[in-house]
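**Q** A single structure is presented below for examination.
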Amino acid sequence: MKTARVHKVIENLAKTRYTCSLLAYDRLHELADIVRAIECARGELFQMRGGRSGDYLFLMHGRVDVILTGGMVSLLTSSAMNTRPFVLPPAPESSTLLAANDAVVCHIEHEMLDKLPQEQSPLPQYF
């Protein structure tokens, strides 16, 4: 059973984050089954490995620095780029997340999200 907090995160993802916002409305409940909402306290480190094709990270709240082999990327909730996911490098590489302040990050497997049906474009109307 998913908590009310997770449902709120799912609703926010569906409304504001690219790729999730493309999902068919009647399939949004399936998003709850594939999203991991990770709450990070300031200074907390979290290591994760993406799937074969690179998984998605969506920052919902706060600031998180992603430490990669080639450097570091800061994810900010106020960033205009935040509507698009950060793509983790594919396995076997791993990434380290460092919470610069309290944060909520959503992790979604790329392959699982791609399997969910997207909203059908409306048919053109002719007068």
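By convention in this document, the chains of the structure tokens carry letters A, B, ... by their order, each chain's residues are numbered from 1, and ligands are numbered from 1 in the order they are shown.
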May I have the residues within 10 Å of A:Ile34 as a list in words, using only C-alpha atoms and disregarding those fewer than 4 positions away in the same chain?

**A** His29, Glu30, Cys106, His107, Ile108, Glu109, His110, Met112 and Leu113 of chain A

**Q** Quick one, how far is atom CA of A:Gly50 from atom CA of A:Glu93?

**A**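 Separating atom CA of A:Gly50 from atom CA of A:Glu93 is a distance of 7.4 Å.
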
**Q** I need the strand (DSSP E) residues of stretch 2-114 of chain A per DSSP on the backbone, written as a ChimeraX atom specification.

**A** /A:35-40,45-49,56-61,63-68,71-76,86-87,94-99,103-108

**Q** Please provide the set of residues having any atom within 6 Å of A:Arg42, restricted to only C-alpha atoms, with same-chain residues fewer than 4 positions apart removed, written as a PyMOL selection string.

**A** chain A and resi 99-102
